[in-house]
Amino acid sequence: MHIRHGAVRGPGPDSVGKDTAGYFSAMHRVVALVRPVQSTFELGCAAEVFGTHRAGVPQHYEFEVCTETPGPVATSAGYAMSVSRGLSALASADTVLIPGWAPVEAPLSAPVRRALLRAHARGARLVTICSGVFALARTGLLDGRSATTHWARAAQLRREFPQVQVEPDKLYVDHGDVATSAGAGAGIDLCLHLARQDHGSTHAALIARHMVMPPHREGGQAQYAPPPPTADALDGLLEWAGARLGAPLPVSDLAAQLNVSPRTLARRFADQLGMSPGAWLLSRRVAQARTLLEETDLPVEAIAARVGLTSAVNLRRRFRTQVGTTPGAYRRSFRGTGHPAER
């Protein structure tokens, strides 16, 4: 079954049926719930995948927009769009999509909360793009479950909804009945993923080809989030070590720099940085490798030596673990090119 939760509207003439390949062949109704000030890009991500008719591409979705109070809805692009449908449109949706929620602190009104919960209870799939997860979290439907949002909002989401397991590196998280995506561009990744789940990889690839997009992106958000700040809370040790990343830096040398024992140093790192000296050093080496991949044409082997990871093989392994992709793919993402040594 490829549309898992929210595939069937109910018995009767509008019931969804399977074709010979096992996919659902009836039109799947996607309704986007918008609010002022609505992000035009996040709404456009959904409209491109679910609402755009293209020659030669089978049309499996109906796409509609609704809002709590029908009429003009202000957008982030400086113009208002006219939305004629109210919350009643959600009553017949197979997928309810929340394309952002601004400001993220805005509460859910009682009518919106009821409409979302009713849609979910009767089998609709609830999907959010970027900050839309804050609205979904306020329904309680994410309690005890994993979710994601833009990396810059992940800490806020975790703080405001401690019962939600926040996955800050994921491009999207899909539980079948609810699905969340990271920043606005990851909304396309999620929508293509849902099209792939609903109607197969060939259909999703066809949509992606028309959008001039990869059907699936490699890696997670870590490759787009900036490296963490290096505020030095250890009497200049972090700055000292950061200037010597290309050299071996055993814990004993770090401890000697502060005239403390390795055990005391480990305790200070845990108290002040929440990690071990070795973990911090590895994170700084990978962060410096990211900078060199973005700003220089150095081959991976040279970058590995410069940041103290000794070999391209070691750098690739550590980079994939921490960033979720390869050095070559990372460089291509940020520079649109690659050195032959990366391939």
# chains A, B, ... in the order shown; residues from 1 in each chain; ligands from 1
$ residues_around --residues "stretch 265-276 of chain A" --least-positions-apart "4" --cutoff "9 Å" --atoms "only C-alpha atoms" --output "PDB file with C-alpha atoms, in the first residue's frame"
ATOM      1  CA  ALA A 233      34.878  29.227  27.616  1.00  0.00           C
ATOM      2  CA  LEU A 234      38.136  27.413  28.413  1.00  0.00           C
ATOM      3  CA  VAL A 251      44.098  15.128  25.049  1.00  0.00           C
ATOM      4  CA  LEU A 254      45.252  20.000  25.513  1.00  0.00           C
ATOM      5  CA  ALA A 255      45.311  19.349  29.248  1.00  0.00           C
ATOM      6  CA  LEU A 258      45.719  24.517  30.772  1.00  0.00           C
ATOM      7  CA  VAL A 260      45.289  20.419  34.374  1.00  0.00           C
ATOM      8  CA  SER A 261      44.968  16.651  34.242  1.00  0.00           C
ATOM      9  CA  TRP A 280      34.922  18.846  20.177  1.00  0.00           C
ATOM     10  CA  LEU A 281      38.183  18.530  18.253  1.00  0.00           C
TER      11      LEU A 281
END
$ residues_around --residues "A:Leu87" --least-positions-apart "2" --cutoff "9 Å" --atoms "only C-alpha atoms" --output "JSON, numbers by chain"
{"A": [33, 66, 67, 68, 69, 70, 85, 89, 90, 91, 111, 112, 115]}
$ write_last_selection --atoms "C-alpha atoms" --output "compact mmCIF listing (two decimals), in the first residue's frame"
# COMPACT_ATOMS: atom_id res chain seq x y z
CA LEU A 33 -4.21 25.79 5.04
CA CYS A 66 -8.22 27.48 2.31
CA THR A 67 -7.96 29.82 5.27
CA GLU A 68 -9.79 30.40 8.54
CA THR A 69 -11.34 33.67 7.37
CA PRO A 70 -11.91 33.67 3.59
CA ARG A 85 -12.53 28.65 0.81
CA ALA A 89 -12.53 22.59 2.72
CA LEU A 90 -10.53 20.45 5.15
CA ALA A 91 -13.51 18.15 5.69
CA PRO A 111 -11.78 26.33 14.98
CA VAL A 112 -8.45 25.58 13.28
CA ALA A 115 -10.63 21.19 11.92
$ closest_residue --among "A:Arg138, A:Arg114, A:Arg54, A:Arg158" --to "A:Leu206" --atoms "only C-alpha atoms"
A:Arg54
$ closest_residue --among "A:Ala247, A:Leu136, A:Asp297, A:Ser131" --to "A:Ser39" --atoms "only C-alpha atoms"
A:Ser131
$ select_by_dssp --residues "stretch 93-334 of chain A" --states "alpha helix (DSSP H)" --output "MDAnalysis selection string"
chainID A and resid 110:121 132:137 154:160 184:199 201:211 237:242 251:258 262:273 277:295 300:306 312:323 327:334
$ atom_distance --atom1 "atom CA of A:His60" --atom2 "atom CA of A:Ala182"
24.9 Å
$ select_by_dssp --residues "stretch 53-244 of chain A" --states "strand (DSSP E)" --output "PyMOL selection string"
chain A and resi 61-67+71-74+80-83+95-99+125-129+146-147+165-166+172-174+178-181
$ closest_residue --among "A:Ala147, A:Leu293, A:Ala208, A:Leu157" --to "A:Pro327" --atoms "only C-alpha atoms"
A:Leu293
